[in-house]
file upload05.txt (compact mmCIF, C-alpha atoms)
# COMPACT_ATOMS: atom_id res chain seq x y z
CA MET A 1 -64.38 36.28 -21.46
CA LYS A 2 -61.83 36.80 -18.72
CA ASN A 3 -59.96 33.54 -18.79
CA LYS A 4 -58.91 30.74 -21.05
CA GLY A 5 -61.47 28.38 -19.55
CA SER A 6 -64.42 30.47 -20.77
CA VAL A 7 -62.84 30.80 -24.24
CA VAL A 8 -62.55 27.03 -24.46
CA ILE A 9 -66.20 26.59 -23.43
CA HIS A 10 -67.34 28.99 -26.18
CA LEU A 11 -65.18 27.32 -28.82
CA ILE A 12 -66.47 23.88 -27.88
CA PHE A 13 -70.09 25.07 -28.04
CA TRP A 14 -69.77 26.68 -31.49
CA LEU A 15 -67.81 23.76 -32.96
CA PHE A 16 -70.40 21.34 -31.58
CA LEU A 17 -73.24 23.42 -33.05
CA ILE A 18 -71.56 23.62 -36.47
CA MET A 19 -71.13 19.83 -36.48
CA ILE A 20 -74.83 19.36 -35.67
CA CYS A 21 -75.83 21.74 -38.48
CA VAL A 22 -73.59 19.97 -40.99
CA PHE A 23 -74.95 16.58 -39.92
CA ALA A 24 -78.53 17.86 -40.25
CA VAL A 25 -77.87 19.19 -43.74
CA ILE A 26 -76.33 15.90 -44.91
CA ASN A 27 -79.17 13.78 -43.56
CA ASN A 28 -82.08 16.05 -44.51
CA GLU A 29 -84.37 14.75 -47.26
CA GLU A 30 -85.28 18.30 -48.23
CA LYS A 31 -81.90 19.19 -49.68
CA PRO A 32 -81.13 22.93 -49.44
CA SER A 33 -79.06 24.55 -52.14
CA TRP A 34 -75.54 25.74 -51.52
CA HIS A 35 -76.86 29.26 -51.87
CA HIS A 36 -79.27 28.52 -49.03
CA ILE A 37 -76.46 27.12 -46.88
CA LEU A 38 -74.26 30.19 -47.50
CA VAL A 39 -77.11 32.56 -46.63
CA SER A 40 -78.00 30.54 -43.52
CA PHE A 41 -74.45 30.31 -42.22
CA GLY A 42 -73.74 33.91 -43.24
CA TYR A 43 -76.68 36.15 -42.40
CA TYR A 44 -78.44 33.83 -39.98
CA GLY A 45 -75.20 32.70 -38.40
CA LEU A 46 -74.28 36.33 -37.73
CA ILE A 47 -77.75 37.03 -36.30
CA ASN A 48 -77.65 33.98 -34.00
CA VAL A 49 -74.17 34.86 -32.78
CA SER A 50 -75.40 38.41 -32.13
CA ILE A 51 -78.35 37.09 -30.10
CA PHE A 52 -76.01 34.89 -28.08
CA TYR A 53 -73.50 37.62 -27.21
CA ILE A 54 -75.98 40.48 -26.76
CA ASN A 55 -77.49 38.39 -23.99
CA TYR A 56 -74.10 37.19 -22.76
CA PHE A 57 -72.21 40.48 -22.64
CA LEU A 58 -74.94 43.11 -22.39
CA LEU A 59 -78.31 42.01 -21.02
CA MET A 60 -77.24 39.53 -18.34
CA PRO A 61 -74.34 41.55 -16.89
CA GLN A 62 -76.21 44.88 -16.94
CA LEU A 63 -79.76 43.88 -16.01
CA VAL A 64 -79.31 40.68 -13.99
CA LYS A 65 -75.88 40.69 -12.37
CA GLU A 66 -75.51 44.40 -11.57
CA ARG A 67 -78.98 45.94 -11.39
CA LYS A 68 -81.12 42.89 -10.50
CA ARG A 69 -83.87 44.17 -12.80
CA TYR A 70 -85.34 40.82 -13.80
CA GLY A 71 -88.60 42.19 -15.24
CA LEU A 72 -86.76 44.53 -17.58
CA TYR A 73 -84.44 41.67 -18.50
CA VAL A 74 -87.36 39.45 -19.56
CA LEU A 75 -88.91 42.28 -21.61
CA SER A 76 -85.54 42.92 -23.25
CA LEU A 77 -85.23 39.25 -24.19
CA ILE A 78 -88.71 39.22 -25.72
CA ALA A 79 -87.93 42.38 -27.71
CA LEU A 80 -84.61 40.91 -28.86
CA ILE A 81 -86.17 37.61 -29.95
CA VAL A 82 -89.05 39.27 -31.81
CA PHE A 83 -86.76 41.78 -33.50
CA MET A 84 -84.36 39.07 -34.64
CA GLY A 85 -87.29 36.93 -35.79
CA VAL A 86 -88.59 39.79 -37.92
CA LEU A 87 -85.09 40.41 -39.29
CA LYS A 88 -84.69 36.72 -40.21
CA SER A 89 -88.13 36.73 -41.87
CA MET A 90 -87.23 39.79 -43.93
CA ILE A 91 -84.04 38.06 -45.09
CA ALA A 92 -86.08 34.96 -45.89
CA LEU A 93 -88.46 37.04 -48.04
CA LEU A 94 -85.50 38.69 -49.74
CA TYR A 95 -84.06 35.27 -50.58
CA SER A 96 -87.39 33.42 -50.75
CA ASP A 97 -86.31 31.31 -53.70
CA VAL A 98 -83.46 29.79 -51.71
CA ILE A 99 -84.64 30.14 -48.09
CA LEU A 100 -88.34 29.37 -48.21
CA THR A 101 -88.08 26.77 -50.99
CA TYR A 102 -86.74 23.23 -50.62
CA VAL A 103 -86.47 20.32 -53.00
CA ASN A 104 -87.35 16.85 -51.77
CA SER A 105 -84.44 14.65 -52.75
CA ARG A 106 -86.68 11.57 -53.22
CA THR A 107 -89.61 13.03 -55.16
CA GLY A 108 -87.98 16.10 -56.69
CA ALA A 109 -90.99 18.17 -55.65
CA LYS A 110 -90.54 21.75 -54.44
CA ILE A 111 -91.67 22.50 -50.89
CA TYR A 112 -92.63 26.04 -49.95
CA THR A 113 -92.53 27.38 -46.39
CA GLU A 114 -94.90 30.11 -45.28
CA VAL A 115 -93.15 33.20 -43.93
CA THR A 116 -95.25 33.14 -40.74
CA GLN A 117 -94.19 29.53 -40.15
CA TYR A 118 -90.61 30.56 -40.78
CA PHE A 119 -91.02 33.47 -38.32
CA PHE A 120 -92.14 31.18 -35.48
CA ARG A 121 -89.34 28.77 -36.31
CA SER A 122 -86.91 31.70 -36.05
CA ILE A 123 -88.43 32.64 -32.68
CA PHE A 124 -87.76 29.12 -31.42
CA ILE A 125 -84.15 29.13 -32.68
CA SER A 126 -83.51 32.57 -31.15
CA GLY A 127 -84.90 31.31 -27.84
CA PHE A 128 -82.54 28.36 -28.05
CA PHE A 129 -79.52 30.66 -28.34
CA ILE A 130 -80.81 32.79 -25.46
CA VAL A 131 -81.13 29.72 -23.22
CA ILE A 132 -77.69 28.35 -24.14
CA SER A 133 -76.12 31.78 -23.72
CA SER A 134 -77.67 32.13 -20.25
CA LEU A 135 -76.56 28.63 -19.19
CA ILE A 136 -72.99 29.22 -20.33
CA LYS A 137 -72.94 32.64 -18.66
CA PHE A 138 -74.19 31.21 -15.38
CA SER A 139 -71.67 28.35 -15.59
CA VAL A 140 -68.69 30.57 -16.42
CA ASP A 141 -69.62 33.09 -13.69
CA TRP A 142 -70.17 30.33 -11.13
CA PHE A 143 -66.83 28.66 -11.82
CA GLY A 144 -65.17 32.09 -11.95
CA ASN A 145 -66.67 33.05 -8.60
CA GLU A 146 -65.57 29.71 -7.15
CA ARG A 147 -62.04 30.30 -8.41
CA VAL A 148 -61.98 33.83 -7.00
CA GLN A 149 -63.42 32.58 -3.70
CA ARG A 150 -60.75 29.90 -3.45
CA GLN A 151 -58.08 32.46 -4.27
CA LEU A 152 -59.40 34.85 -1.62
CA GLU A 153 -59.56 32.05 0.94
CA SER A 154 -56.01 31.04 0.05
CA GLU A 155 -54.79 34.63 0.37
CA LYS A 156 -56.64 35.01 3.66
CA LYS A 157 -55.09 31.79 4.90
CA ASP A 158 -51.61 32.93 3.85
CA MET A 159 -52.09 36.29 5.56
CA GLU A 160 -53.28 34.63 8.75
CA LEU A 161 -50.32 32.23 8.69
CA GLN A 162 -47.92 35.12 8.17
CA PHE A 163 -49.54 36.95 11.06
CA LEU A 164 -49.28 33.89 13.31
CA LYS A 165 -45.68 33.42 12.31
CA SER A 166 -44.90 37.09 12.94
CA GLN A 167 -46.35 36.61 16.43
CA LEU A 168 -44.34 33.48 17.04
CA ASN A 169 -40.92 34.82 16.06
CA PRO A 170 -40.91 37.97 18.26
CA HIS A 171 -42.48 35.93 21.07
CA PHE A 172 -39.65 33.42 20.91
CA LEU A 173 -37.00 36.11 20.51
CA PHE A 174 -38.36 38.07 23.47
CA ASN A 175 -38.10 35.05 25.77
CA SER A 176 -34.64 34.09 24.49
CA LEU A 177 -33.31 37.60 24.99
CA ASN A 178 -34.67 37.57 28.52
CA ASN A 179 -32.67 34.41 29.17
CA ILE A 180 -29.49 35.89 27.70
CA TYR A 181 -30.04 39.08 29.68
CA SER A 182 -30.17 37.01 32.87
CA LEU A 183 -26.85 35.37 31.97
CA ALA A 184 -25.26 38.71 31.10
CA TYR A 185 -26.58 40.27 34.31
CA GLN A 186 -24.97 37.44 36.28
CA LYS A 187 -21.78 37.94 34.23
CA SER A 188 -21.96 34.29 33.31
CA ASP A 189 -19.27 32.75 31.09
CA LYS A 190 -22.14 31.09 29.19
CA THR A 191 -23.36 34.38 27.69
CA ALA A 192 -21.19 34.12 24.56
CA ASP A 193 -22.34 30.54 23.93
CA ALA A 194 -25.95 31.62 24.43
CA VAL A 195 -25.60 34.41 21.86
CA LEU A 196 -24.04 31.93 19.40
CA LYS A 197 -26.88 29.45 19.89
CA LEU A 198 -29.42 32.21 19.48
CA SER A 199 -27.80 33.31 16.21
CA GLU A 200 -28.06 29.73 14.89
CA ILE A 201 -31.70 29.60 15.88
CA MET A 202 -32.47 32.99 14.34
CA ARG A 203 -30.77 31.95 11.10
CA TYR A 204 -33.17 29.02 10.86
CA MET A 205 -36.19 31.15 11.76
CA ILE A 206 -35.37 33.96 9.31
CA TYR A 207 -34.16 31.99 6.31
CA GLU A 208 -35.07 28.32 6.28
CA SER A 209 -38.47 28.59 7.98
CA ASN A 210 -39.71 30.92 5.22
CA ASP A 211 -40.36 27.83 3.10
CA SER A 212 -43.77 26.19 3.36
CA TRP A 213 -42.14 22.87 4.30
CA VAL A 214 -38.80 21.87 5.76
CA ALA A 215 -37.16 18.53 6.43
CA LEU A 216 -38.09 17.07 9.80
CA SER A 217 -34.39 16.66 10.54
CA LYS A 218 -33.89 20.45 10.31
CA GLU A 219 -36.82 21.10 12.61
CA ILE A 220 -35.36 18.65 15.12
CA GLU A 221 -31.94 20.34 14.93
CA TYR A 222 -33.69 23.61 15.62
CA VAL A 223 -35.38 22.12 18.69
CA LYS A 224 -32.05 20.72 19.90
CA SER A 225 -30.42 24.14 19.52
CA TYR A 226 -33.21 25.67 21.55
CA ILE A 227 -32.75 23.06 24.27
CA GLU A 228 -29.01 23.74 24.37
CA LEU A 229 -29.75 27.44 24.66
CA GLN A 230 -32.08 26.79 27.59
CA LYS A 231 -29.52 24.57 29.31
CA LEU A 232 -27.14 27.52 29.48
CA ARG A 233 -29.59 29.23 31.86
CA PHE A 234 -28.94 26.68 34.60
CA ARG A 235 -25.71 26.22 36.51
CA ASP A 236 -25.90 22.43 36.29
CA GLY A 237 -27.70 22.37 32.96
CA ALA A 238 -31.34 21.58 32.26
CA ALA A 239 -32.75 18.11 32.84
CA VAL A 240 -34.10 17.06 29.45
CA GLU A 241 -34.70 13.53 28.19
CA LEU A 242 -34.91 13.63 24.38
CA ILE A 243 -35.74 10.42 22.48
CA ILE A 244 -35.97 10.39 18.66
CA LYS A 245 -36.88 7.31 16.69
CA GLY A 246 -37.74 6.49 13.10
CA ASP A 247 -37.07 8.13 9.75
CA ILE A 248 -36.52 11.88 10.10
CA ASP A 249 -34.28 12.68 7.12
CA ASP A 250 -36.74 13.23 4.28
CA GLN A 251 -40.03 13.71 6.07
CA PRO A 252 -41.58 17.14 5.37
CA ILE A 253 -43.08 19.24 8.12
CA VAL A 254 -44.33 22.80 8.49
CA PRO A 255 -41.55 24.80 10.18
CA LEU A 256 -41.83 26.06 13.76
CA ILE A 257 -44.58 23.63 14.73
CA LEU A 258 -42.78 21.69 17.48
CA ILE A 259 -40.89 24.52 19.12
CA SER A 260 -43.92 26.03 20.87
CA PHE A 261 -44.46 22.86 22.90
CA VAL A 262 -40.81 22.76 23.94
CA GLU A 263 -40.80 26.45 24.78
CA ASN A 264 -43.96 26.06 26.85
CA ALA A 265 -42.35 23.25 28.86
CA PHE A 266 -39.35 25.41 29.75
CA LYS A 267 -41.45 28.48 30.51
CA HIS A 268 -43.99 26.87 32.81
CA GLY A 269 -42.22 23.73 33.94
CA VAL A 270 -39.43 22.59 36.19
CA ALA A 271 -36.41 22.16 33.92
CA ASN A 272 -33.61 21.46 36.42
CA ASP A 273 -34.87 18.43 38.34
CA PRO A 274 -32.84 15.35 37.28
CA LYS A 275 -35.36 13.06 39.01
CA ASP A 276 -38.25 14.46 36.96
CA PRO A 277 -36.83 15.81 33.70
CA ILE A 278 -38.66 17.28 30.74
CA LYS A 279 -39.41 14.24 28.59
CA ILE A 280 -39.56 14.70 24.83
CA ASN A 281 -40.39 11.78 22.53
CA LEU A 282 -40.56 11.87 18.76
CA ILE A 283 -41.36 8.89 16.54
CA ALA A 284 -41.67 9.29 12.77
CA ASN A 285 -42.30 7.05 9.80
CA GLN A 286 -43.42 7.61 6.23
CA LYS A 287 -46.98 8.49 7.28
CA ILE A 288 -47.24 9.50 10.92
CA LEU A 289 -45.31 11.78 13.25
CA HIS A 290 -45.91 11.22 16.96
CA PHE A 291 -44.56 13.92 19.25
CA SER A 292 -45.07 14.19 22.99
CA ILE A 293 -43.58 16.31 25.74
CA THR A 294 -44.15 16.13 29.48
CA ASN A 295 -42.92 18.53 32.13
CA LYS A 296 -43.32 18.90 35.86
CA LYS A 297 -45.39 21.98 36.64
CA SER A 298 -43.93 24.93 38.49
CA ASN A 299 -46.07 27.58 40.14
CA ALA A 300 -43.09 29.88 40.42
CA ASN A 301 -42.40 29.98 36.68
CA LYS A 302 -45.49 31.68 35.30
CA ASP A 303 -45.37 34.19 32.47
CA GLU A 304 -47.30 37.22 33.67
CA MET A 305 -47.75 38.54 30.16
CA GLY A 306 -49.35 35.30 29.02
CA GLY A 307 -48.27 33.45 25.91
CA VAL A 308 -49.31 33.02 22.32
CA GLY A 309 -47.31 29.85 21.73
CA LEU A 310 -49.78 26.98 22.07
CA SER A 311 -52.84 28.86 20.82
CA ASN A 312 -50.71 30.04 17.92
CA VAL A 313 -49.48 26.59 16.97
CA GLU A 314 -52.95 25.07 17.31
CA ARG A 315 -54.35 27.62 14.86
CA ARG A 316 -51.51 26.90 12.44
CA LEU A 317 -52.28 23.19 12.71
CA GLN A 318 -55.92 23.88 11.87
CA LEU A 319 -54.88 25.82 8.76
CA LEU A 320 -52.03 23.64 7.54
CA TYR A 321 -53.11 20.16 8.65
CA PRO A 322 -56.92 20.24 8.45
CA GLU A 323 -58.28 16.89 9.68
CA ARG A 324 -54.72 15.55 9.60
CA TYR A 325 -53.67 16.11 13.19
CA LYS A 326 -54.64 15.19 16.72
CA LEU A 327 -53.60 17.35 19.65
CA ASN A 328 -54.14 16.09 23.16
CA ILE A 329 -53.34 18.25 26.20
CA VAL A 330 -53.31 16.71 29.68
CA ASN A 331 -53.08 19.23 32.50
CA SER A 332 -52.86 17.30 35.76
CA ALA A 333 -52.11 18.61 39.24
CA THR A 334 -48.38 17.96 38.93
CA HIS A 335 -47.56 17.55 35.24
CA TYR A 336 -48.39 19.03 31.89
CA THR A 337 -48.36 16.81 28.78
CA SER A 338 -48.78 17.78 25.13
CA GLU A 339 -49.22 14.98 22.59
CA LEU A 340 -49.34 15.67 18.85
CA MET A 341 -49.96 13.25 16.00
CA LEU A 342 -49.49 14.49 12.44
CA ASP A 343 -50.37 12.83 9.17
CA ILE A 344 -47.26 13.75 7.15
call {"tool": "encode", "arguments": {"input": "upload05.txt", "output": "structure tokens"}}
result
Amino acid sequence: MKNKGSVVIHLIFWLFLIMICVFAVINNEEKPSWHHILVSFGYYGLINVSIFYINYFLLMPQLVKERKRYGLYVLSLIALIVFMGVLKSMIALLYSDVILTYVNSRTGAKIYTEVTQYFFRSIFISGFFIVISSLIKFSVDWFGNERVQRQLESEKKDMELQFLKSQLNPHFLFNSLNNIYSLAYQKSDKTADAVLKLSEIMRYMIYESNDSWVALSKEIEYVKSYIELQKLRFRDGAAVELIIKGDIDDQPIVPLILISFVENAFKHGVANDPKDPIKINLIANQKILHFSITNKKSNANKDEMGGVGLSNVERRLQLLYPERYKLNIVNSATHYTSELMLDI
């Protein structure tokens, strides 16, 4: 018994069986003596418990679970049942005056039980304990396997999420450092501000985003910091239209979900056209988060190395919001739109 659940199942079974035996003794017309009860619960109780656990701990694990030798298992059960039946019959003969003899409580007449009849009755009782032992073993193993399977799936999911996150952070850092390098190369006065913004962003990514959930307000502040960092790349600033509505203070969200869409818009879109800015809309309430971002496409702003951002975030959505999100991508000739709805 490897866990508390299996111990509880065994205790419940034996307590239930003892209650049935006590009830049967009280309501039986053929009243057994106290000597008979002590012998039955002592010797026979020990034998029945032995049958139960020999099958539970020895025969089923060794012959069924590990070796798959079902024929040998059946022969072993037959040998066990017959042996225990003979042992019970020998004890009955030894205590024949108390085991094989009953007194009818109504008539006072003594009733004698043949030893062969007692042997077949013992066979039936031994078979009962074999069946119950097998059922409990199958049940405990099945639930144990289910628990282990769920644990393995959870660990696999956590490992995959950590891997996706480890991809996302260097990917983001690589692009941000490229931007700061461009500013430094141009000897721009904005370089110091860019480094400061990047440090704020990295603080969020390293420390706060390690939690499974963060407040939506923190995620939005992170997105705003990223936008400010991107604006430093352009002489006249980036053209971004950011609209936030609804309750964002206490709503939980998985960290680093929204940033990939924003990053994608700056990487592959036109970010410095005031007439056609990057449009970001976020509406949140107690149940639903609606996020959309649209950018004008730019053929001159392609990432030759490719990106892991959107494929990464979509996989994270599948793992963390199963059947609780809708992601719609519209890739037209002139614009690129990402629309995300989350059940939060």
call {"tool": "residues_around", "arguments": {"input": "upload05.txt", "residues": "Phe128 (chain A)", "least_positions_apart": "6", "cutoff": "10 Å", "atoms": "all atoms listed in the file", "output": "number ranges by chain"}}
result
A: 48, 51-52, 122, 134
call {"tool": "residues_near_point", "arguments": {"input": "upload05.txt", "point": "(-41.1, 26.3, 30.1)", "cutoff": "10 Å", "atoms": "only C-alpha atoms", "output": "NGL selection string"}}
result
:A and (230 or 260-271 or 278 or 295-298 or 301-303)
call {"tool": "atom_distance", "arguments": {"input": "upload05.txt", "atom1": "CA of Leu310 (chain A)", "atom2": "CA of Leu177 (chain A)"}}
result
19.8 Å
call {"tool": "closest_residue", "arguments": {"input": "upload05.txt", "among": "A:Ser182, A:Ile136, A:Gln318, A:Ala284", "to": "Val7 (chain A)", "atoms": "only C-alpha atoms"}}
result
A:Ile136
call {"tool": "closest_residue", "arguments": {"input": "upload05.txt", "among": "A:Phe138, A:Ile293, A:Tyr118, A:Leu100", "to": "Val64 (chain A)", "atoms": "all atoms listed in the file"}}
result
A:Phe138
call {"tool": "residues_around", "arguments": {"input": "upload05.txt", "residues": "Tyr73 (chain A)", "least_positions_apart": "6", "cutoff": "12 Å", "atoms": "only C-alpha atoms", "output": "ChimeraX atom specification"}}
result
/A:54-55,58-67,79-80,130,134
call {"tool": "atom_distance", "arguments": {"input": "upload05.txt", "atom1": "CA of Leu198 (chain A)", "atom2": "CA of Asp211 (chain A)"}}
result
20.2 Å
call {"tool": "atom_distance", "arguments": {"input": "upload05.txt", "atom1": "CA of Trp213 (chain A)", "atom2": "CA of Leu320 (chain A)"}}
result
10.4 Å
call {"tool": "residues_around", "arguments": {"input": "upload05.txt", "residues": "Leu232 (chain A)", "least_positions_apart": "4", "cutoff": "9 Å", "atoms": "all atoms listed in the file", "output": "list in words"}}
result
Asn179, Ile180, Leu183, Lys190, Thr191, Asp193, Ala194, Ile227, Glu228, Asp236, Gly237 and Ala238 of chain A
call {"tool": "closest_residue", "arguments": {"input": "upload05.txt", "among": "A:Leu242, A:Gly42, A:Thr294, A:Ile259", "to": "Ser332 (chain A)", "atoms": "all atoms listed in the file"}}
result
A:Thr294
call {"tool": "axis_aligned_box", "arguments": {"input": "upload05.txt", "around": "region 187-202 of chain A", "padding_each_side": "8 Å", "output": "AutoDock Vina command-line options"}}
result
--center_x -25.9 --center_y 33.7 --center_z 24.3 --size_x 29.2 --size_y 24.5 --size_z 35.9
call {"tool": "closest_residue", "arguments": {"input": "upload05.txt", "among": "A:Met90, A:Leu77, A:Val82, A:Ile20", "to": "Val131 (chain A)", "atoms": "all atoms listed in the file"}}
result
A:Leu77
call {"tool": "residues_near_point", "arguments": {"input": "upload05.txt", "point": "(-45.2, 11.9, 23.4)", "cutoff": "8 Å", "atoms": "all atoms listed in the file", "output": "number ranges by chain"}}
result
A: 280-282, 290-294, 337-340
